[in-house]
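**Student:** Dropping in my_file_27.tsv, with TSV, C-alpha atoms.
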```
chain	number	residue	atom	x	y	z
A	1	MET	CA	90.24	7.73	-38.16
A	2	PRO	CA	91.60	4.62	-36.47
A	3	LYS	CA	95.33	4.09	-36.57
A	4	ALA	CA	96.65	1.51	-38.97
A	5	PRO	CA	97.29	-1.75	-37.14
A	6	VAL	CA	100.90	-2.22	-36.05
A	7	SER	CA	100.69	-5.99	-36.42
A	8	PRO	CA	99.02	-6.91	-39.70
A	9	GLN	CA	99.23	-10.58	-38.83
A	10	SER	CA	99.14	-12.53	-35.62
A	11	ASP	CA	102.32	-13.38	-33.78
A	12	LEU	CA	101.91	-17.04	-34.70
A	13	ALA	CA	101.31	-16.29	-38.35
A	14	ALA	CA	104.40	-14.08	-38.42
A	15	LEU	CA	106.49	-16.80	-36.77
A	16	GLY	CA	105.19	-19.35	-39.26
A	17	ALA	CA	105.94	-17.06	-42.18
A	18	ALA	CA	109.50	-16.50	-40.95
A	19	LEU	CA	110.05	-20.23	-40.55
A	20	ARG	CA	108.63	-21.03	-43.96
A	21	ARG	CA	110.73	-18.36	-45.63
A	22	LEU	CA	113.89	-19.68	-43.99
A	23	ARG	CA	113.07	-23.27	-44.85
A	24	LEU	CA	112.52	-22.42	-48.51
A	25	GLU	CA	115.75	-20.41	-48.58
A	26	ARG	CA	117.50	-23.54	-47.28
A	27	ASP	CA	115.73	-25.59	-49.96
A	28	LEU	CA	114.46	-27.99	-47.31
A	29	SER	CA	111.18	-29.90	-47.41
A	30	GLN	CA	109.02	-29.88	-44.29
A	31	GLU	CA	109.84	-33.56	-44.01
A	32	ARG	CA	113.59	-32.96	-44.11
A	33	LEU	CA	113.37	-30.10	-41.63
A	34	SER	CA	111.29	-32.26	-39.29
A	35	LEU	CA	113.86	-35.03	-39.42
A	36	GLU	CA	116.69	-32.59	-38.72
A	37	ALA	CA	114.81	-31.06	-35.81
A	38	GLY	CA	113.66	-34.39	-34.39
A	39	LEU	CA	110.01	-33.34	-34.60
A	40	HIS	CA	106.93	-34.77	-36.23
A	41	ARG	CA	106.25	-33.40	-39.69
A	42	ASN	CA	102.70	-32.46	-38.72
A	43	TYR	CA	104.04	-30.41	-35.85
A	44	VAL	CA	106.38	-28.43	-38.11
A	45	GLY	CA	103.63	-27.97	-40.70
A	46	ARG	CA	101.19	-26.64	-38.14
A	47	VAL	CA	103.74	-24.23	-36.70
A	48	GLU	CA	104.52	-22.97	-40.22
A	49	ARG	CA	100.84	-22.36	-40.86
A	50	GLY	CA	100.48	-20.45	-37.60
A	51	GLU	CA	98.06	-23.08	-36.30
A	52	LEU	CA	100.13	-24.24	-33.36
A	53	SER	CA	102.21	-22.32	-30.85
A	54	PRO	CA	105.47	-24.14	-30.32
A	55	THR	CA	106.90	-24.54	-26.85
A	56	PHE	CA	110.45	-23.43	-26.26
A	57	GLU	CA	112.61	-26.48	-26.96
A	58	PRO	CA	110.96	-27.35	-30.31
A	59	LEU	CA	111.34	-23.72	-31.33
A	60	VAL	CA	115.06	-23.88	-30.57
A	61	ALA	CA	115.31	-27.26	-32.34
A	62	ILE	CA	113.68	-25.82	-35.47
A	63	ALA	CA	116.03	-22.84	-35.43
A	64	ASP	CA	119.01	-25.20	-35.04
A	65	ALA	CA	117.81	-27.31	-37.96
A	66	LEU	CA	117.51	-24.13	-40.05
A	67	LYS	CA	121.06	-23.17	-39.04
A	68	VAL	CA	120.08	-19.96	-37.35
A	69	GLY	CA	120.33	-18.94	-33.75
A	70	PRO	CA	117.06	-18.38	-31.90
A	71	ASP	CA	117.95	-14.68	-31.73
A	72	GLU	CA	118.24	-14.50	-35.51
A	73	LEU	CA	114.96	-16.38	-35.88
A	74	MET	CA	113.30	-13.79	-33.64
A	75	GLN	CA	114.69	-10.98	-35.81
A	76	LEU	CA	113.12	-12.61	-38.86
A	77	TYR	CA	109.88	-13.04	-36.93
A	78	LEU	CA	109.87	-9.33	-36.01
A	79	ARG	CA	110.41	-8.45	-39.66
A	80	GLU	CA	107.39	-10.56	-40.66
A	81	ARG	CA	105.28	-9.00	-37.94
A	82	ARG	CA	105.75	-5.47	-39.23
B	1	MET	CA	138.32	-38.29	-22.46
B	2	PRO	CA	134.79	-37.04	-23.07
B	3	LYS	CA	134.37	-33.47	-24.21
B	4	ALA	CA	133.10	-30.97	-21.68
B	5	PRO	CA	129.36	-30.48	-22.12
B	6	VAL	CA	128.47	-27.52	-24.29
B	7	SER	CA	125.21	-26.93	-22.41
B	8	PRO	CA	125.78	-27.10	-18.68
B	9	GLN	CA	122.10	-26.53	-18.05
B	10	SER	CA	118.95	-27.42	-19.93
B	11	ASP	CA	117.44	-25.06	-22.46
B	12	LEU	CA	114.52	-24.40	-20.14
B	13	ALA	CA	116.74	-23.73	-17.14
B	14	ALA	CA	118.79	-21.30	-19.24
B	15	LEU	CA	115.67	-19.51	-20.45
B	16	GLY	CA	114.39	-19.27	-16.90
B	17	ALA	CA	117.71	-17.93	-15.66
B	18	ALA	CA	117.73	-15.27	-18.39
B	19	LEU	CA	114.19	-14.21	-17.53
B	20	ARG	CA	114.89	-14.10	-13.82
B	21	ARG	CA	118.05	-12.08	-14.32
B	22	LEU	CA	116.20	-9.55	-16.52
B	23	ARG	CA	113.29	-9.30	-14.11
B	24	LEU	CA	115.59	-8.60	-11.17
B	25	GLU	CA	117.50	-6.02	-13.23
B	26	ARG	CA	114.15	-4.31	-13.85
B	27	ASP	CA	113.39	-4.54	-10.13
B	28	LEU	CA	110.07	-6.24	-10.88
B	29	SER	CA	108.33	-8.81	-8.71
B	30	GLN	CA	107.00	-11.95	-10.39
B	31	GLU	CA	103.55	-10.60	-9.58
B	32	ARG	CA	104.21	-7.27	-11.29
B	33	LEU	CA	105.75	-8.95	-14.32
B	34	SER	CA	102.79	-11.30	-14.58
B	35	LEU	CA	100.36	-8.41	-14.49
B	36	GLU	CA	102.32	-6.55	-17.18
B	37	ALA	CA	102.46	-9.64	-19.38
B	38	GLY	CA	98.82	-10.61	-18.81
B	39	LEU	CA	99.80	-14.03	-17.50
B	40	HIS	CA	99.16	-15.94	-14.31
B	41	ARG	CA	101.85	-15.52	-11.69
B	42	ASN	CA	102.22	-19.28	-11.36
B	43	TYR	CA	102.91	-19.53	-15.07
B	44	VAL	CA	105.68	-16.94	-14.92
B	45	GLY	CA	107.14	-18.54	-11.80
B	46	ARG	CA	107.25	-21.97	-13.39
B	47	VAL	CA	108.87	-20.64	-16.56
B	48	GLU	CA	111.50	-18.84	-14.46
B	49	ARG	CA	112.28	-22.05	-12.60
B	50	GLY	CA	112.63	-23.96	-15.85
B	51	GLU	CA	109.66	-26.17	-14.94
B	52	LEU	CA	107.40	-25.16	-17.80
B	53	SER	CA	108.12	-24.58	-21.46
B	54	PRO	CA	106.28	-21.46	-22.59
B	55	THR	CA	104.50	-21.40	-25.91
B	56	PHE	CA	105.30	-18.61	-28.30
B	57	GLU	CA	102.85	-15.82	-27.47
B	58	PRO	CA	103.44	-15.91	-23.70
B	59	LEU	CA	107.18	-15.85	-24.37
B	60	VAL	CA	106.77	-12.72	-26.51
B	61	ALA	CA	104.45	-11.21	-23.89
B	62	ILE	CA	107.04	-11.77	-21.15
B	63	ALA	CA	109.76	-10.22	-23.31
B	64	ASP	CA	107.50	-7.22	-23.98
B	65	ALA	CA	106.80	-6.81	-20.28
B	66	LEU	CA	110.54	-6.90	-19.62
B	67	LYS	CA	111.05	-4.23	-22.30
B	68	VAL	CA	113.25	-6.37	-24.49
B	69	GLY	CA	112.67	-7.68	-27.96
B	70	PRO	CA	112.35	-11.45	-28.31
B	71	ASP	CA	115.65	-11.40	-30.22
B	72	GLU	CA	117.40	-9.76	-27.29
B	73	LEU	CA	115.81	-12.24	-24.90
B	74	MET	CA	117.20	-15.07	-27.03
B	75	GLN	CA	120.67	-13.53	-26.88
B	76	LEU	CA	120.45	-13.52	-23.08
B	77	TYR	CA	119.20	-17.09	-23.15
B	78	LEU	CA	122.18	-18.14	-25.30
B	79	ARG	CA	124.52	-16.46	-22.84
B	80	GLU	CA	122.99	-18.42	-19.96
B	81	ARG	CA	123.24	-21.65	-21.91
B	82	ARG	CA	126.99	-21.40	-22.37
```
What's the structure tokens form of this structure?
**Tutor:**
Amino acid sequence: MPKAPVSPQSDLAALGAALRRLRLERDLSQERLSLEAGLHRNYVGRVERGELSPTFEPLVAIADALKVGPDELMQLYLRERR
Amino acid sequence: MPKAPVSPQSDLAALGAALRRLRLERDLSQERLSLEAGLHRNYVGRVERGELSPTFEPLVAIADALKVGPDELMQLYLRERR
């Protein structure tokens, strides 16, 4: 019997899920988060949906706007990936 | 008098410095690391030099190949940024 998959969702989907969860916890709209992060709203929306892989600086900017360190964001990502 | 800059180097330079430091600690060549991460050696070299901003999956792949979690990599990045 094949082993159960370790990663039930893709890395990008897990990152998006972590970001969305954090944003909703902060009670921020995608628009507000985008403004805070200095990014286009479409960019943030696509990252949240796991459609776009952010490069490094926007990822850090999103974490900053969500008031978490990038290390904490990665912990939340790892939790989603499980 | 202006405040001392919080970030003496750019985010990308700090990320590259953290990656380079880890790679040398592991006694890995850029070539070996690239093979382990499934990336082109030029890509890894440019990220290490802060010339290229990695997207998310390659960043995770590099962390994996360096045997650190992405959260730990971000902690090392933050340390370099200070």
**Student:** Please, which residues in chain A fall within 8 Å of chain B when counting all atoms listed in the file, and what is the closest atom pair and distance in Å to one decimal for each, ordered by chain then residue number, as a tab-separated table?
**Tutor:**
```
residue	atom	partner	partner_atom	distance
A:Asp11	CA	B:Glu57	CA	6.8
A:Leu12	CA	B:Glu57	CA	7.4
A:Ser53	CA	B:Phe56	CA	5.5
A:Pro54	CA	B:Thr55	CA	5.3
A:Thr55	CA	B:Thr55	CA	4.1
A:Phe56	CA	B:Ser53	CA	5.5
A:Glu57	CA	B:Asp11	CA	6.8
A:Pro70	CA	B:Met74	CA	5.9
A:Asp71	CA	B:Asp71	CA	4.3
A:Glu72	CA	B:Asp71	CA	6.7
A:Leu73	CA	B:Asp71	CA	7.6
A:Met74	CA	B:Asp71	CA	4.8
A:Gln75	CA	B:Asp71	CA	5.7
```
**Student:** Could you check the closest approach to Glu31 (chain B) for each of B:Ala18, B:Ala13, B:Leu66, B:Val44 and tell me which residue wins, using only C-alpha atoms?
**Tutor:**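 Checking each of B:Ala18, B:Ala13, B:Leu66, B:Val44 against Glu31 (chain B), counting only C-alpha atoms, the winner is B:Val44.
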**Student:** Can you give me chain B superposed onto chain A, least-squares on all Cα in order, written as a CSV table (one decimal) with C-alpha atoms, keeping the file's coordinate frame?
**Tutor:**
```
chain,number,residue,atom,x,y,z
B,1,MET,CA,90.5,7.9,-37.8
B,2,PRO,CA,91.8,4.8,-36.2
B,3,LYS,CA,95.5,4.1,-36.4
B,4,ALA,CA,96.8,1.6,-38.9
B,5,PRO,CA,97.3,-1.7,-37.1
B,6,VAL,CA,100.9,-2.3,-36.1
B,7,SER,CA,100.6,-6.1,-36.5
B,8,PRO,CA,98.9,-6.9,-39.7
B,9,GLN,CA,99.2,-10.6,-38.9
B,10,SER,CA,99.1,-12.6,-35.7
B,11,ASP,CA,102.3,-13.4,-33.8
B,12,LEU,CA,101.9,-17.1,-34.8
B,13,ALA,CA,101.3,-16.3,-38.4
B,14,ALA,CA,104.4,-14.1,-38.5
B,15,LEU,CA,106.5,-16.8,-36.8
B,16,GLY,CA,105.2,-19.4,-39.3
B,17,ALA,CA,105.9,-17.1,-42.2
B,18,ALA,CA,109.5,-16.5,-41.0
B,19,LEU,CA,110.0,-20.3,-40.6
B,20,ARG,CA,108.6,-21.1,-44.0
B,21,ARG,CA,110.7,-18.4,-45.6
B,22,LEU,CA,113.9,-19.7,-44.0
B,23,ARG,CA,113.1,-23.3,-44.8
B,24,LEU,CA,112.5,-22.5,-48.5
B,25,GLU,CA,115.7,-20.4,-48.6
B,26,ARG,CA,117.5,-23.5,-47.3
B,27,ASP,CA,115.8,-25.6,-49.9
B,28,LEU,CA,114.5,-28.0,-47.3
B,29,SER,CA,111.2,-29.9,-47.4
B,30,GLN,CA,109.1,-29.9,-44.3
B,31,GLU,CA,109.9,-33.6,-44.0
B,32,ARG,CA,113.6,-33.0,-44.1
B,33,LEU,CA,113.4,-30.1,-41.6
B,34,SER,CA,111.3,-32.2,-39.3
B,35,LEU,CA,113.9,-35.0,-39.4
B,36,GLU,CA,116.7,-32.6,-38.7
B,37,ALA,CA,114.8,-31.0,-35.8
B,38,GLY,CA,113.7,-34.4,-34.3
B,39,LEU,CA,110.0,-33.3,-34.6
B,40,HIS,CA,107.0,-34.8,-36.2
B,41,ARG,CA,106.3,-33.4,-39.7
B,42,ASN,CA,102.7,-32.5,-38.7
B,43,TYR,CA,104.1,-30.4,-35.8
B,44,VAL,CA,106.4,-28.5,-38.1
B,45,GLY,CA,103.6,-28.0,-40.7
B,46,ARG,CA,101.2,-26.7,-38.2
B,47,VAL,CA,103.7,-24.3,-36.7
B,48,GLU,CA,104.5,-23.0,-40.2
B,49,ARG,CA,100.8,-22.4,-40.9
B,50,GLY,CA,100.5,-20.5,-37.7
B,51,GLU,CA,98.0,-23.1,-36.3
B,52,LEU,CA,100.1,-24.3,-33.4
B,53,SER,CA,102.2,-22.3,-30.9
B,54,PRO,CA,105.5,-24.1,-30.3
B,55,THR,CA,106.9,-24.5,-26.9
B,56,PHE,CA,110.4,-23.4,-26.3
B,57,GLU,CA,112.6,-26.4,-27.0
B,58,PRO,CA,110.9,-27.3,-30.3
B,59,LEU,CA,111.3,-23.7,-31.3
B,60,VAL,CA,115.1,-23.8,-30.6
B,61,ALA,CA,115.3,-27.2,-32.3
B,62,ILE,CA,113.7,-25.8,-35.5
B,63,ALA,CA,116.0,-22.8,-35.4
B,64,ASP,CA,119.0,-25.2,-35.0
B,65,ALA,CA,117.8,-27.3,-37.9
B,66,LEU,CA,117.5,-24.1,-40.0
B,67,LYS,CA,121.1,-23.1,-39.0
B,68,VAL,CA,120.1,-19.9,-37.3
B,69,GLY,CA,120.3,-18.9,-33.7
B,70,PRO,CA,117.0,-18.3,-31.9
B,71,ASP,CA,117.9,-14.6,-31.8
B,72,GLU,CA,118.2,-14.5,-35.5
B,73,LEU,CA,114.9,-16.4,-35.9
B,74,MET,CA,113.3,-13.8,-33.7
B,75,GLN,CA,114.6,-11.0,-35.8
B,76,LEU,CA,113.1,-12.6,-38.9
B,77,TYR,CA,109.8,-13.0,-37.0
B,78,LEU,CA,109.8,-9.3,-36.1
B,79,ARG,CA,110.3,-8.5,-39.7
B,80,GLU,CA,107.3,-10.6,-40.7
B,81,ARG,CA,105.2,-9.0,-38.0
B,82,ARG,CA,105.7,-5.5,-39.3
```
**Student:** Using Å and a single decimal, report how far CA of Arg26 (chain A) sits from CA of Gly45 (chain A).
**Tutor:**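 Atom-to-atom, CA of Gly45 (chain A) and CA of Arg26 (chain A) are spaced 16.0 Å apart.
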**Student:** One decimal, Å: what's the distance from CA of Arg20 (chain B) over to CA of Arg49 (chain B), could you say?
**Tutor:**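 For CA of Arg20 (chain B) relative to CA of Arg49 (chain B), the distance reads 8.5 Å.
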**Student:** Using the file's own x, y and z axes, so that the box edges lie along x, y and z, what centre and edge lengths in Å (one decimal) does a box around every listed atom of region 27-34 of chain A get when 3 Å is added on each side? Give it as AutoDock Vina command-line options.
**Tutor:**
```
--center_x 112.4 --center_y -29.6 --center_z -44.6 --size_x 12.7 --size_y 14.0 --size_z 16.7
```
**Student:** Show which residues sit within 12 Å of Asn42 (chain A), as a ChimeraX atom specification. Count only C-alpha atoms, and ignore same-chain residues fewer than 3 positions away.
**Tutor:** /A:30-31,33-35,38-39,45-49,51-52
**Student:** Provide the CA of Arg81 (chain A) to CA of Ala14 (chain A) distance in Å, to one decimal place.
**Tutor:**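 We find that CA of Arg81 (chain A) and CA of Ala14 (chain A) lie 5.2 Å from each other.
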